[in-house]
>>> print(open('my_file_24.pdb').read())   # PDB, C-alpha atoms
ATOM      1  CA  MET Q 237     -20.683 -33.976  47.897
ATOM      2  CA  ALA Q 238     -20.877 -34.416  44.142
ATOM      3  CA  LEU Q 239     -21.078 -31.500  41.722
ATOM      4  CA  SER Q 240     -24.565 -30.266  40.908
ATOM      5  CA  GLU Q 241     -26.097 -30.771  37.491
ATOM      6  CA  LYS Q 242     -25.878 -27.003  36.920
ATOM      7  CA  ASP Q 243     -22.133 -27.006  37.659
ATOM      8  CA  ARG Q 244     -21.504 -29.999  35.392
ATOM      9  CA  GLY Q 245     -23.417 -28.196  32.632
ATOM     10  CA  LEU Q 246     -21.038 -25.211  32.827
ATOM     11  CA  ILE Q 247     -17.999 -27.307  31.966
ATOM     12  CA  GLY Q 248     -16.891 -26.637  28.397
ATOM     13  CA  ARG Q 249     -18.759 -23.312  28.159
ATOM     14  CA  GLU Q 250     -16.981 -20.149  27.116
ATOM     15  CA  SER Q 251     -17.562 -16.444  27.698
ATOM     16  CA  ALA Q 252     -17.971 -13.793  25.024
ATOM     17  CA  PRO Q 253     -14.803 -11.701  24.396
ATOM     18  CA  ILE Q 254     -13.664  -9.366  27.155
ATOM     19  CA  TYR Q 255     -11.870  -6.403  25.554
ATOM     20  CA  ALA Q 256      -8.733  -4.573  26.653
ATOM     21  CA  PRO Q 257      -9.571  -0.978  27.653
ATOM     22  CA  ASP Q 258      -6.739   0.424  25.500
ATOM     23  CA  GLU Q 259      -4.684  -0.546  22.511
ATOM     24  CA  VAL Q 260      -1.163  -1.897  23.044
ATOM     25  CA  CYS Q 261       1.139   1.115  23.310
ATOM     26  CA  ARG Q 262       4.746   2.106  23.878
ATOM     27  CA  PRO Q 263       4.202   4.065  27.138
ATOM     28  CA  MET Q 264       2.656   1.056  28.885
ATOM     29  CA  ILE Q 265       5.428  -1.173  27.552
ATOM     30  CA  ARG Q 266       8.004   1.241  28.947
ATOM     31  CA  HIS Q 267       6.317   1.351  32.383
ATOM     32  CA  TRP Q 268       6.469  -2.443  32.500
ATOM     33  CA  VAL Q 269      10.108  -2.465  31.346
ATOM     34  CA  GLU Q 270      11.013  -0.052  34.176
ATOM     35  CA  ALA Q 271       9.423  -2.312  36.799
ATOM     36  CA  VAL Q 272      11.145  -5.445  35.484
ATOM     37  CA  GLU Q 273      14.394  -3.685  34.421
ATOM     38  CA  ASP Q 274      14.253  -5.668  31.193
ATOM     39  CA  ALA Q 275      16.790  -4.353  28.655
ATOM     40  CA  ASN Q 276      15.480  -6.435  25.721
ATOM     41  CA  PRO Q 277      15.783  -3.966  22.792
ATOM     42  CA  LEU Q 278      12.754  -5.493  21.021
ATOM     43  CA  TYR Q 279      10.568  -3.745  23.584
ATOM     44  CA  THR Q 280      11.995  -0.210  23.526
ATOM     45  CA  ASP Q 281      14.764   0.264  20.920
ATOM     46  CA  GLU Q 282      13.109   1.279  17.617
ATOM     47  CA  GLU Q 283      16.296   0.985  15.606
ATOM     48  CA  TYR Q 284      17.108  -2.513  16.812
ATOM     49  CA  ALA Q 285      13.498  -3.671  16.554
ATOM     50  CA  ARG Q 286      13.265  -2.433  12.946
ATOM     51  CA  SER Q 287      16.278  -4.542  12.011
ATOM     52  CA  SER Q 288      14.858  -7.643  13.770
ATOM     53  CA  LYS Q 289      12.626 -10.309  12.217
ATOM     54  CA  TYR Q 290       9.615  -8.428  13.606
ATOM     55  CA  GLY Q 291      10.394  -5.211  11.741
ATOM     56  CA  GLY Q 292       9.373  -3.069  14.723
ATOM     57  CA  ILE Q 293       8.730  -2.843  18.441
ATOM     58  CA  ILE Q 294       6.873  -5.763  20.046
ATOM     59  CA  ALA Q 295       5.311  -5.921  23.505
ATOM     60  CA  PRO Q 296       6.872  -8.296  26.058
ATOM     61  CA  PRO Q 297       4.900 -11.551  25.568
ATOM     62  CA  GLN Q 298       4.520 -11.731  29.364
ATOM     63  CA  MET Q 299       2.345  -8.601  29.197
ATOM     64  CA  MET Q 300      -0.492 -10.542  27.496
ATOM     65  CA  MET Q 301      -2.703 -10.457  30.609
ATOM     66  CA  VAL Q 302      -1.768  -6.874  31.471
ATOM     67  CA  TRP Q 303      -3.446  -5.404  28.366
ATOM     68  CA  CYS Q 304      -6.763  -6.940  29.359
ATOM     69  CA  MET Q 305      -6.818  -5.841  32.995
ATOM     70  CA  PRO Q 306     -10.102  -3.991  33.612
ATOM     71  CA  ARG Q 307     -10.149  -0.224  33.958
ATOM     72  CA  MET Q 308     -10.685   1.019  37.515
ATOM     73  CA  TRP Q 309     -13.185   3.719  36.585
ATOM     74  CA  PRO Q 310     -15.794   3.578  35.326
ATOM     75  CA  TRP Q 311     -15.881  -0.111  36.283
ATOM     76  CA  PRO Q 312     -16.657  -2.051  33.086
ATOM     77  CA  GLU Q 313     -19.570  -4.386  32.522
ATOM     78  CA  PHE Q 314     -18.374  -7.948  32.043
ATOM     79  CA  PRO Q 315     -20.040 -10.535  29.839
ATOM     80  CA  TRP Q 316     -21.346 -13.805  31.234
ATOM     81  CA  VAL Q 317     -18.417 -15.890  32.547
ATOM     82  CA  PRO Q 318     -19.038 -19.591  33.359
ATOM     83  CA  MET Q 319     -16.690 -19.637  36.335
ATOM     84  CA  ALA Q 320     -18.715 -16.964  38.120
ATOM     85  CA  GLU Q 321     -21.835 -19.149  37.811
ATOM     86  CA  LEU Q 322     -20.405 -22.156  39.694
ATOM     87  CA  GLU Q 323     -22.389 -22.927  42.832
ATOM     88  CA  LEU Q 324     -20.068 -25.648  44.286
ATOM     89  CA  PRO Q 325     -21.411 -27.485  47.342
ATOM     90  CA  GLY Q 326     -19.593 -26.632  50.584
ATOM     91  CA  ASP Q 327     -18.690 -23.371  52.331
ATOM     92  CA  TYR Q 328     -15.530 -22.498  50.429
ATOM     93  CA  ASP Q 329     -14.293 -19.009  51.151
ATOM     94  CA  THR Q 330     -10.883 -18.638  49.532
ATOM     95  CA  PHE Q 331      -9.267 -18.891  46.104
ATOM     96  CA  VAL Q 332      -5.636 -19.673  45.415
ATOM     97  CA  ALA Q 333      -3.958 -20.054  42.013
ATOM     98  CA  THR Q 334      -2.070 -23.355  41.995
ATOM     99  CA  ASP Q 335      -0.809 -23.539  38.422
ATOM    100  CA  MET Q 336      -0.492 -21.110  35.533
ATOM    101  CA  ILE Q 337       0.659 -21.844  31.983
ATOM    102  CA  HIS Q 338       1.117 -19.185  29.333
ATOM    103  CA  GLU Q 339       1.666 -20.024  25.681
ATOM    104  CA  TYR Q 340       2.729 -17.326  23.233
ATOM    105  CA  TYR Q 341       1.891 -17.848  19.541
ATOM    106  CA  LEU Q 342       2.150 -14.480  17.788
ATOM    107  CA  PRO Q 343       3.907 -11.185  18.528
ATOM    108  CA  VAL Q 344       1.789  -8.390  19.986
ATOM    109  CA  ARG Q 345       2.570  -4.921  18.647
ATOM    110  CA  PRO Q 346       1.726  -1.305  19.495
ATOM    111  CA  GLY Q 347      -1.696  -0.540  18.016
ATOM    112  CA  ASP Q 348      -3.062  -4.053  18.546
ATOM    113  CA  VAL Q 349      -6.298  -4.367  20.498
ATOM    114  CA  LEU Q 350      -6.502  -7.576  22.502
ATOM    115  CA  SER Q 351      -9.456  -9.433  23.922
ATOM    116  CA  TYR Q 352      -9.855 -12.751  25.661
ATOM    117  CA  THR Q 353     -12.481 -15.383  26.242
ATOM    118  CA  MET Q 354     -12.699 -17.586  29.331
ATOM    119  CA  ARG Q 355     -13.640 -21.261  29.053
ATOM    120  CA  LEU Q 356     -14.343 -23.514  32.009
ATOM    121  CA  ASP Q 357     -12.442 -26.747  31.276
ATOM    122  CA  LYS Q 358     -12.648 -28.825  34.411
ATOM    123  CA  VAL Q 359     -13.971 -28.834  37.949
ATOM    124  CA  SER Q 360     -12.654 -31.593  40.194
ATOM    125  CA  GLU Q 361     -14.683 -33.402  42.823
ATOM    126  CA  GLU Q 362     -13.852 -32.194  46.348
ATOM    127  CA  LYS Q 363     -10.241 -32.977  47.210
ATOM    128  CA  LYS Q 364      -8.409 -32.859  50.496
ATOM    129  CA  THR Q 365      -5.306 -30.669  50.216
ATOM    130  CA  ARG Q 366      -2.571 -29.456  52.518
ATOM    131  CA  ILE Q 367      -4.387 -26.148  53.027
ATOM    132  CA  GLY Q 368      -7.980 -27.406  53.235
ATOM    133  CA  LYS Q 369     -10.767 -29.157  51.326
ATOM    134  CA  GLY Q 370     -11.796 -27.774  47.976
ATOM    135  CA  HIS Q 371     -12.274 -28.056  44.237
ATOM    136  CA  PHE Q 372      -9.632 -27.517  41.558
ATOM    137  CA  ILE Q 373     -11.034 -25.359  38.760
ATOM    138  CA  THR Q 374      -9.263 -25.250  35.386
ATOM    139  CA  THR Q 375      -9.968 -22.458  32.903
ATOM    140  CA  THR Q 376      -8.447 -21.483  29.562
ATOM    141  CA  GLN Q 377      -8.182 -17.837  28.578
ATOM    142  CA  THR Q 378      -7.681 -17.403  24.825
ATOM    143  CA  TYR Q 379      -6.237 -14.051  23.752
ATOM    144  CA  ARG Q 380      -6.925 -12.644  20.294
ATOM    145  CA  ASN Q 381      -5.885  -9.522  18.414
ATOM    146  CA  GLN Q 382      -8.154  -7.211  16.401
ATOM    147  CA  ARG Q 383      -7.859  -9.531  13.377
ATOM    148  CA  GLY Q 384      -9.183 -12.456  15.409
ATOM    149  CA  GLU Q 385      -5.807 -14.217  15.405
ATOM    150  CA  VAL Q 386      -5.046 -16.169  18.570
ATOM    151  CA  VAL Q 387      -1.899 -14.563  20.024
ATOM    152  CA  GLY Q 388      -1.657 -16.712  23.151
ATOM    153  CA  LYS Q 389      -3.362 -18.766  25.790
ATOM    154  CA  GLU Q 390      -3.431 -18.938  29.539
ATOM    155  CA  ILE Q 391      -4.362 -22.169  31.295
ATOM    156  CA  ARG Q 392      -4.969 -21.595  34.969
ATOM    157  CA  VAL Q 393      -5.839 -23.894  37.843
ATOM    158  CA  VAL Q 394      -7.268 -22.378  41.011
ATOM    159  CA  LEU Q 395      -8.291 -24.126  44.192
ATOM    160  CA  LYS Q 396     -11.508 -22.862  45.747
ATOM    161  CA  TYR Q 397     -11.334 -24.067  49.317
ATOM    162  CA  LYS Q 398     -12.328 -23.662  52.919
ATOM    163  CA  SER Q 399      -9.299 -22.315  54.752
ATOM    164  CA  SER Q 400      -8.579 -24.314  57.885
ATOM    165  CA  THR Q 401      -7.883 -21.208  60.021
TER     166      THR Q 401
ATOM    167  CA  MET J  94      23.966   0.432  18.456
ATOM    168  CA  PRO J  95      25.214  -1.841  21.255
ATOM    169  CA  GLU J  96      26.091  -5.438  20.459
ATOM    170  CA  TRP J  97      23.354  -7.698  21.710
ATOM    171  CA  LYS J  98      23.907 -11.254  22.892
ATOM    172  CA  LYS J  99      22.898 -14.014  20.515
ATOM    173  CA  VAL J 100      22.933 -17.535  21.926
ATOM    174  CA  TYR J 101      22.687 -20.257  19.287
ATOM    175  CA  TRP J 102      20.912 -23.524  20.026
ATOM    176  CA  GLU J 103      23.996 -25.517  19.013
ATOM    177  CA  ASP J 104      26.107 -23.810  21.694
ATOM    178  CA  VAL J 105      23.827 -24.767  24.585
ATOM    179  CA  ALA J 106      24.260 -27.863  26.764
ATOM    180  CA  GLU J 107      21.697 -29.518  29.024
ATOM    181  CA  GLY J 108      22.482 -28.746  32.662
ATOM    182  CA  GLN J 109      24.156 -25.471  31.742
ATOM    183  CA  ASP J 110      23.865 -22.571  34.149
ATOM    184  CA  ILE J 111      22.151 -19.483  32.657
ATOM    185  CA  GLY J 112      23.382 -17.134  35.358
ATOM    186  CA  SER J 113      21.446 -15.032  37.822
ATOM    187  CA  TYR J 114      20.569 -11.473  38.750
ATOM    188  CA  GLU J 115      19.708  -9.663  41.962
ATOM    189  CA  MET J 116      17.196  -6.891  42.513
ATOM    190  CA  GLN J 117      16.667  -4.896  45.676
ATOM    191  CA  MET J 118      12.920  -4.733  46.224
ATOM    192  CA  ASP J 119      11.374  -1.741  47.946
ATOM    193  CA  ALA J 120       7.933  -0.163  48.147
ATOM    194  CA  VAL J 121       8.592   1.958  45.043
ATOM    195  CA  LYS J 122       9.627  -1.021  42.913
ATOM    196  CA  ILE J 123       6.723  -3.183  44.089
ATOM    197  CA  SER J 124       4.049  -0.522  43.624
ATOM    198  CA  CYS J 125       5.573   0.453  40.266
ATOM    199  CA  GLY J 126       5.303  -3.244  39.211
ATOM    200  CA  ALA J 127       1.694  -3.441  40.378
ATOM    201  CA  TRP J 128       0.812  -0.230  38.544
ATOM    202  CA  ALA J 129       2.626  -1.248  35.366
ATOM    203  CA  THR J 130       0.562  -4.457  35.323
ATOM    204  CA  ARG J 131      -2.700  -2.643  36.173
ATOM    205  CA  ASP J 132      -3.104  -4.572  39.427
ATOM    206  CA  SER J 133      -4.895  -2.372  41.965
ATOM    207  CA  ASN J 134      -5.055  -4.895  44.838
ATOM    208  CA  PRO J 135      -3.931  -2.917  47.941
ATOM    209  CA  ILE J 136      -1.717  -5.835  49.058
ATOM    210  CA  HIS J 137       0.759  -4.456  46.446
ATOM    211  CA  HIS J 138       0.843  -0.813  47.602
ATOM    212  CA  ASP J 139      -0.699  -0.368  51.071
ATOM    213  CA  LYS J 140       1.431  -1.602  53.974
ATOM    214  CA  ALA J 141      -1.293  -1.081  56.603
ATOM    215  CA  PHE J 142      -3.668  -3.189  54.492
ATOM    216  CA  ALA J 143      -1.010  -5.921  54.144
ATOM    217  CA  GLU J 144      -0.440  -5.956  57.911
ATOM    218  CA  ARG J 145      -4.147  -6.338  58.629
ATOM    219  CA  GLY J 146      -3.986  -9.461  56.430
ATOM    220  CA  SER J 147      -1.068 -10.687  58.589
ATOM    221  CA  GLN J 148       1.591 -10.044  55.944
ATOM    222  CA  LYS J 149       4.636  -8.189  57.196
ATOM    223  CA  ASN J 150       4.712  -5.796  54.226
ATOM    224  CA  ILE J 151       3.436  -5.235  50.693
ATOM    225  CA  ILE J 152       4.240  -8.057  48.242
ATOM    226  CA  VAL J 153       5.283  -8.319  44.588
ATOM    227  CA  ASN J 154       2.275  -9.232  42.376
ATOM    228  CA  ILE J 155       1.962 -12.236  40.041
ATOM    229  CA  MET J 156       2.305 -10.485  36.659
ATOM    230  CA  HIS J 157       5.395  -8.597  37.843
ATOM    231  CA  SER J 158       6.892 -11.862  39.178
ATOM    232  CA  GLU J 159       6.284 -13.617  35.882
ATOM    233  CA  GLY J 160       8.026 -10.772  34.065
ATOM    234  CA  LEU J 161      11.007 -10.961  36.406
ATOM    235  CA  LEU J 162      11.467 -14.719  35.812
ATOM    236  CA  CYS J 163      11.070 -14.481  32.019
ATOM    237  CA  ARG J 164      13.566 -11.625  31.996
ATOM    238  CA  LEU J 165      16.379 -13.960  33.073
ATOM    239  CA  ALA J 166      15.613 -16.233  30.093
ATOM    240  CA  THR J 167      15.903 -13.453  27.512
ATOM    241  CA  ASP J 168      18.781 -11.715  29.373
ATOM    242  CA  TRP J 169      20.653 -14.984  28.901
ATOM    243  CA  GLY J 170      19.547 -15.868  25.347
ATOM    244  CA  GLY J 171      19.513 -12.314  23.992
ATOM    245  CA  PRO J 172      16.775 -10.642  21.932
ATOM    246  CA  THR J 173      16.786 -13.419  19.291
ATOM    247  CA  ALA J 174      15.599 -15.893  21.955
ATOM    248  CA  GLU J 175      11.801 -16.209  21.837
ATOM    249  CA  LEU J 176       9.582 -16.907  24.815
ATOM    250  CA  LYS J 177       7.185 -19.685  23.804
ATOM    251  CA  ARG J 178       5.739 -21.125  26.968
ATOM    252  CA  ILE J 179       5.946 -20.571  30.707
ATOM    253  CA  ARG J 180       4.630 -22.657  33.560
ATOM    254  CA  PHE J 181       4.655 -20.589  36.691
ATOM    255  CA  ASN J 182       4.380 -21.610  40.358
ATOM    256  CA  ILE J 183       4.381 -19.550  43.525
ATOM    257  CA  GLN J 184       5.826 -20.886  46.775
ATOM    258  CA  GLY J 185       6.130 -17.777  48.885
ATOM    259  CA  SER J 186       6.104 -13.999  48.917
ATOM    260  CA  CYS J 187       8.589 -11.278  48.059
ATOM    261  CA  TYR J 188       8.191  -8.336  50.439
ATOM    262  CA  ALA J 189       9.345  -4.736  50.292
ATOM    263  CA  ASP J 190      12.993  -4.587  51.422
ATOM    264  CA  ASP J 191      13.678  -8.203  50.364
ATOM    265  CA  THR J 192      16.564  -8.969  48.045
ATOM    266  CA  LEU J 193      15.232 -10.879  45.045
ATOM    267  CA  VAL J 194      17.599 -13.406  43.430
ATOM    268  CA  VAL J 195      16.607 -15.035  40.132
ATOM    269  CA  SER J 196      18.720 -17.914  38.791
ATOM    270  CA  GLY J 197      18.313 -20.736  36.315
ATOM    271  CA  LYS J 198      19.655 -23.589  34.264
ATOM    272  CA  VAL J 199      18.972 -25.468  31.037
ATOM    273  CA  THR J 200      17.078 -28.684  31.731
ATOM    274  CA  LYS J 201      16.424 -29.916  28.180
ATOM    275  CA  LYS J 202      17.521 -29.181  24.625
ATOM    276  CA  TYR J 203      15.458 -30.545  21.734
ATOM    277  CA  ILE J 204      13.718 -29.896  18.445
ATOM    278  CA  GLY J 205       9.945 -29.466  18.782
ATOM    279  CA  GLN J 206       8.313 -32.781  17.855
ATOM    280  CA  GLU J 207       4.792 -32.348  19.103
ATOM    281  CA  ASP J 208       2.235 -31.275  16.563
ATOM    282  CA  ASN J 209       1.827 -27.751  17.864
ATOM    283  CA  TYR J 210       3.103 -24.202  17.346
ATOM    284  CA  MET J 211       6.615 -25.213  18.429
ATOM    285  CA  LYS J 212       7.019 -28.086  15.959
ATOM    286  CA  GLY J 213      10.401 -27.992  14.236
ATOM    287  CA  LEU J 214      11.754 -25.131  16.376
ATOM    288  CA  HIS J 215      15.093 -25.308  18.171
ATOM    289  CA  LEU J 216      14.000 -25.334  21.789
ATOM    290  CA  VAL J 217      15.460 -25.310  25.269
ATOM    291  CA  ASP J 218      13.595 -25.802  28.538
ATOM    292  CA  LEU J 219      14.819 -23.725  31.456
ATOM    293  CA  GLN J 220      14.232 -24.088  35.160
ATOM    294  CA  VAL J 221      14.190 -20.593  36.666
ATOM    295  CA  ASP J 222      14.057 -20.228  40.451
ATOM    296  CA  SER J 223      13.840 -17.213  42.700
ATOM    297  CA  THR J 224      14.324 -16.404  46.348
ATOM    298  CA  ALA J 225      13.364 -13.364  48.428
ATOM    299  CA  SER J 226      15.990 -12.717  51.138
ATOM    300  CA  GLY J 227      16.815 -16.433  50.979
ATOM    301  CA  ASN J 228      13.235 -17.775  51.118
ATOM    302  CA  ALA J 229      11.675 -19.617  48.166
ATOM    303  CA  PHE J 230       9.520 -17.139  46.206
ATOM    304  CA  CYS J 231       8.417 -18.480  42.810
ATOM    305  CA  ASP J 232       9.740 -20.612  39.984
ATOM    306  CA  ALA J 233       9.032 -21.308  36.337
ATOM    307  CA  GLN J 234       9.647 -23.824  33.611
ATOM    308  CA  ILE J 235      10.250 -21.741  30.506
ATOM    309  CA  THR J 236      10.486 -22.938  26.907
ATOM    310  CA  LEU J 237      12.606 -20.725  24.702
ATOM    311  CA  ALA J 238      13.164 -21.002  20.930
ATOM    312  CA  LEU J 239      16.736 -20.172  19.938
ATOM    313  CA  PRO J 240      18.265 -19.394  16.543
ATOM    314  CA  SER J 241      20.088 -22.297  14.888
ATOM    315  CA  LYS J 242      23.349 -22.011  12.970
ATOM    316  CA  LYS J 243      21.852 -24.363  10.387
ATOM    317  CA  ALA J 244      18.679 -22.384   9.787
ATOM    318  CA  HIS J 245      18.560 -19.558   7.234
ATOM    319  CA  SER J 246      17.562 -16.862   9.726
TER     320      SER J 246
END
>>> encode(input="my_file_24.pdb", output="structure tokens")
Amino acid sequence: MALSEKDRGLIGRESAPIYAPDEVCRPMIRHWVEAVEDANPLYTDEEYARSSKYGGIIAPPQMMMVWCMPRMWPWPEFPWVPMAELELPGDYDTFVATDMIHEYYLPVRPGDVLSYTMRLDKVSEEKKTRIGKGHFITTTQTYRNQRGEVVGKEIRVVLKYKSST
Amino acid sequence: MPEWKKVYWEDVAEGQDIGSYEMQMDAVKISCGAWATRDSNPIHHDKAFAERGSQKNIIVNIMHSEGLLCRLATDWGGPTAELKRIRFNIQGSCYADDTLVVSGKVTKKYIGQEDNYMKGLHLVDLQVDSTASGNAFCDAQITLALPSKKAHS
């Protein structure tokens, strides 16, 4: 079945910014570093970081998404997000991420406050895949700091499908 | 201050091995990774929940996995190596009590030509793979900018 007019109209639309609950900070960087056992001195060694081209501690670029994870309580109110509005014909019940690209443009530092917007880029017609029939949905998340500078992007493809089990 | 590794672009060859590391995964490590990435899905801390979903144990989450793969790139290149881009794919799961092995090699060495934020940089593409107790877990294609001996910095 073809995509509805409503679904086609959502393609290219973007959400308002979704803000990180807290500013970027050293304790959260250190918790991440412990889990990954990452010894990179840019993340935790003040003396080294000061002597580097950054002039101070930076957050691991891979933490970009982490800063914007929603708080657990009280559960935040989210702005309108185009992906949540998709009606998609068919009784799809499962999501799986099939591809994820992260691009890092600018360093993120303690004190920065990040936010991101979500844009719906593409929705495929129904495709038959190894795990079931479904639609591939591509979104771009653009991350900005408190000065409005784009620090990085995430391009993600998920398959919304009907599991064959 | 300890001496940190500094790999220059000129000293890298395509096809070169970038080494590997091993990490013993257990429930503490996995739940610590989930918490450090603010991921509250019970599949990353509640074994009974995981079993009801027909998984044999709790599993490492995506943001933790991505961190573990990128770590090999900067472990190898040193703190002057800059993460620019990662393409990440998941093939399987890493369970509590699995041994994680992360390994990689250089697939391409080039100067950024495309008209984007990497133009003119000294770049290498890495293929980083991982296994959990021998089973394919996740992999990534990582682009790293390295310092050049010819540049001023």
>>> interface_residues(input="my_file_24.pdb", of="chain Q", to="chain J", cutoff="6 Å", atoms="all atoms listed in the file", output="JSON list (two decimals) with C-alpha atoms, in the coordinates of the input")
[["chain", "number", "residue", "atom", "x", "y", "z"],
["Q", 267, "HIS", "CA", 6.32, 1.35, 32.38],
["Q", 268, "TRP", "CA", 6.47, -2.44, 32.50],
["Q", 271, "ALA", "CA", 9.42, -2.31, 36.80],
["Q", 272, "VAL", "CA", 11.14, -5.44, 35.48],
["Q", 276, "ASN", "CA", 15.48, -6.44, 25.72],
["Q", 298, "GLN", "CA", 4.52, -11.73, 29.36],
["Q", 302, "VAL", "CA", -1.77, -6.87, 31.47],
["Q", 335, "ASP", "CA", -0.81, -23.54, 38.42],
["Q", 336, "MET", "CA", -0.49, -21.11, 35.53],
["Q", 337, "ILE", "CA", 0.66, -21.84, 31.98],
["Q", 338, "HIS", "CA", 1.12, -19.18, 29.33],
["Q", 339, "GLU", "CA", 1.67, -20.02, 25.68],
["Q", 340, "TYR", "CA", 2.73, -17.33, 23.23]]
>>> atom_distance(input="my_file_24.pdb", atom1="CA of Pro315 (chain Q)", atom2="CA of Asp243 (chain Q)")
18.4 Å
>>> residues_around(input="my_file_24.pdb", residues="Lys364 (chain Q)", least_positions_apart="2", cutoff="12 Å", atoms="only C-alpha atoms", output="list in words")
Ser360, Glu361, Glu362, Arg366, Ile367, Gly368, Lys369, Gly370, His371, Phe372, Leu395, Lys396, Tyr397, Lys398, Ser399 and Ser400 of chain Q
>>> closest_residue(input="my_file_24.pdb", among="Q:Ala333, Q:Gly326, Q:Gly347, Q:Gln377", to="Ser240 (chain Q)", atoms="only C-alpha atoms")
Q:Gly326
>>> resolve_selection(input="my_file_24.pdb", expression="the PyMOL selection byres ((chain Q and resi 344) around 10)", output="MDAnalysis selection string")
chainID Q and resid 260 293:297 299:300 340:343 345:350 380:381 387:388
>>> closest_residue(input="my_file_24.pdb", among="Q:Thr375, Q:Gln382, Q:Tyr352, Q:Leu239", to="Pro253 (chain Q)", atoms="only C-alpha atoms")
Q:Tyr352
>>> resolve_selection(input="my_file_24.pdb", expression="the PyMOL selection byres ((chain Q and resi 258) around 9)", output="compact mmCIF listing (two decimals) with C-alpha atoms, in the coordinates of the input")
# COMPACT_ATOMS: atom_id res chain seq x y z
CA TYR Q 255 -11.87 -6.40 25.55
CA ALA Q 256 -8.73 -4.57 26.65
CA PRO Q 257 -9.57 -0.98 27.65
CA GLU Q 259 -4.68 -0.55 22.51
CA VAL Q 260 -1.16 -1.90 23.04
CA CYS Q 261 1.14 1.12 23.31
CA TRP Q 303 -3.45 -5.40 28.37
CA CYS Q 304 -6.76 -6.94 29.36
CA VAL Q 349 -6.30 -4.37 20.50
CA LEU Q 350 -6.50 -7.58 22.50
>>> closest_residue(input="my_file_24.pdb", among="J:Met118, J:Leu214, J:Ile111, J:Leu237", to="Thr192 (chain J)", atoms="all atoms listed in the file")
J:Met118
>>> atom_distance(input="my_file_24.pdb", atom1="CA of Gly248 (chain Q)", atom2="CA of Lys358 (chain Q)")
7.7 Å
>>> atom_distance(input="my_file_24.pdb", atom1="CA of Asp218 (chain J)", atom2="CA of Gly292 (chain Q)")
26.9 Å
>>> residues_around(input="my_file_24.pdb", residues="Asp232 (chain J)", least_positions_apart="5", cutoff="6 Å", atoms="only C-alpha atoms", output="ChimeraX atom specification")
/J:182,221-223
>>> resolve_selection(input="my_file_24.pdb", expression="the PyMOL selection byres ((chain Q and resi 244) around 12)", output="list in words")
Ala238, Leu239, Ser240, Glu241, Lys242, Asp243, Gly245, Leu246, Ile247, Gly248, Arg249, Pro318, Met319, Glu321, Leu322, Glu323, Leu324, Leu356, Asp357, Lys358, Val359, Ser360, Glu361 and Ile373 of chain Q
>>> build_atoms(input="my_file_24.pdb", residues="region 376-387 of chain Q", atoms="N, CA and C atoms", output="JSON list (two decimals), in the frame of the given file")
[["chain", "number", "residue", "atom", "x", "y", "z"],
["Q", 376, "THR", "N", -9.36, -21.92, 30.62],
["Q", 376, "THR", "CA", -8.45, -21.48, 29.56],
["Q", 376, "THR", "C", -8.89, -20.11, 29.11],
["Q", 377, "GLN", "N", -7.94, -19.17, 29.11],
["Q", 377, "GLN", "CA", -8.18, -17.84, 28.58],
["Q", 377, "GLN", "C", -7.48, -17.76, 27.21],
["Q", 378, "THR", "N", -8.25, -17.49, 26.18],
["Q", 378, "THR", "CA", -7.68, -17.40, 24.82],
["Q", 378, "THR", "C", -7.64, -15.93, 24.42],
["Q", 379, "TYR", "N", -6.44, -15.46, 24.09],
["Q", 379, "TYR", "CA", -6.24, -14.05, 23.75],
["Q", 379, "TYR", "C", -6.17, -13.89, 22.24],
["Q", 380, "ARG", "N", -6.91, -12.91, 21.73],
["Q", 380, "ARG", "CA", -6.92, -12.64, 20.29],
["Q", 380, "ARG", "C", -6.60, -11.18, 20.04],
["Q", 381, "ASN", "N", -6.09, -10.92, 18.81],
["Q", 381, "ASN", "CA", -5.88, -9.52, 18.41],
["Q", 381, "ASN", "C", -7.09, -9.05, 17.60],
["Q", 382, "GLN", "N", -7.00, -7.82, 17.09],
["Q", 382, "GLN", "CA", -8.15, -7.21, 16.40],
["Q", 382, "GLN", "C", -8.48, -7.92, 15.10],
["Q", 383, "ARG", "N", -7.57, -8.76, 14.59],
["Q", 383, "ARG", "CA", -7.86, -9.53, 13.38],
["Q", 383, "ARG", "C", -8.43, -10.91, 13.71],
["Q", 384, "GLY", "N", -8.63, -11.17, 15.01],
["Q", 384, "GLY", "CA", -9.18, -12.46, 15.41],
["Q", 384, "GLY", "C", -8.14, -13.55, 15.50],
["Q", 385, "GLU", "N", -6.88, -13.21, 15.30],
["Q", 385, "GLU", "CA", -5.81, -14.22, 15.40],
["Q", 385, "GLU", "C", -5.52, -14.51, 16.88],
["Q", 386, "VAL", "N", -5.36, -15.80, 17.19],
["Q", 386, "VAL", "CA", -5.05, -16.17, 18.57],
["Q", 386, "VAL", "C", -3.57, -15.87, 18.82],
["Q", 387, "VAL", "N", -3.29, -14.94, 19.75],
["Q", 387, "VAL", "CA", -1.90, -14.56, 20.02],
["Q", 387, "VAL", "C", -1.31, -15.38, 21.18]]
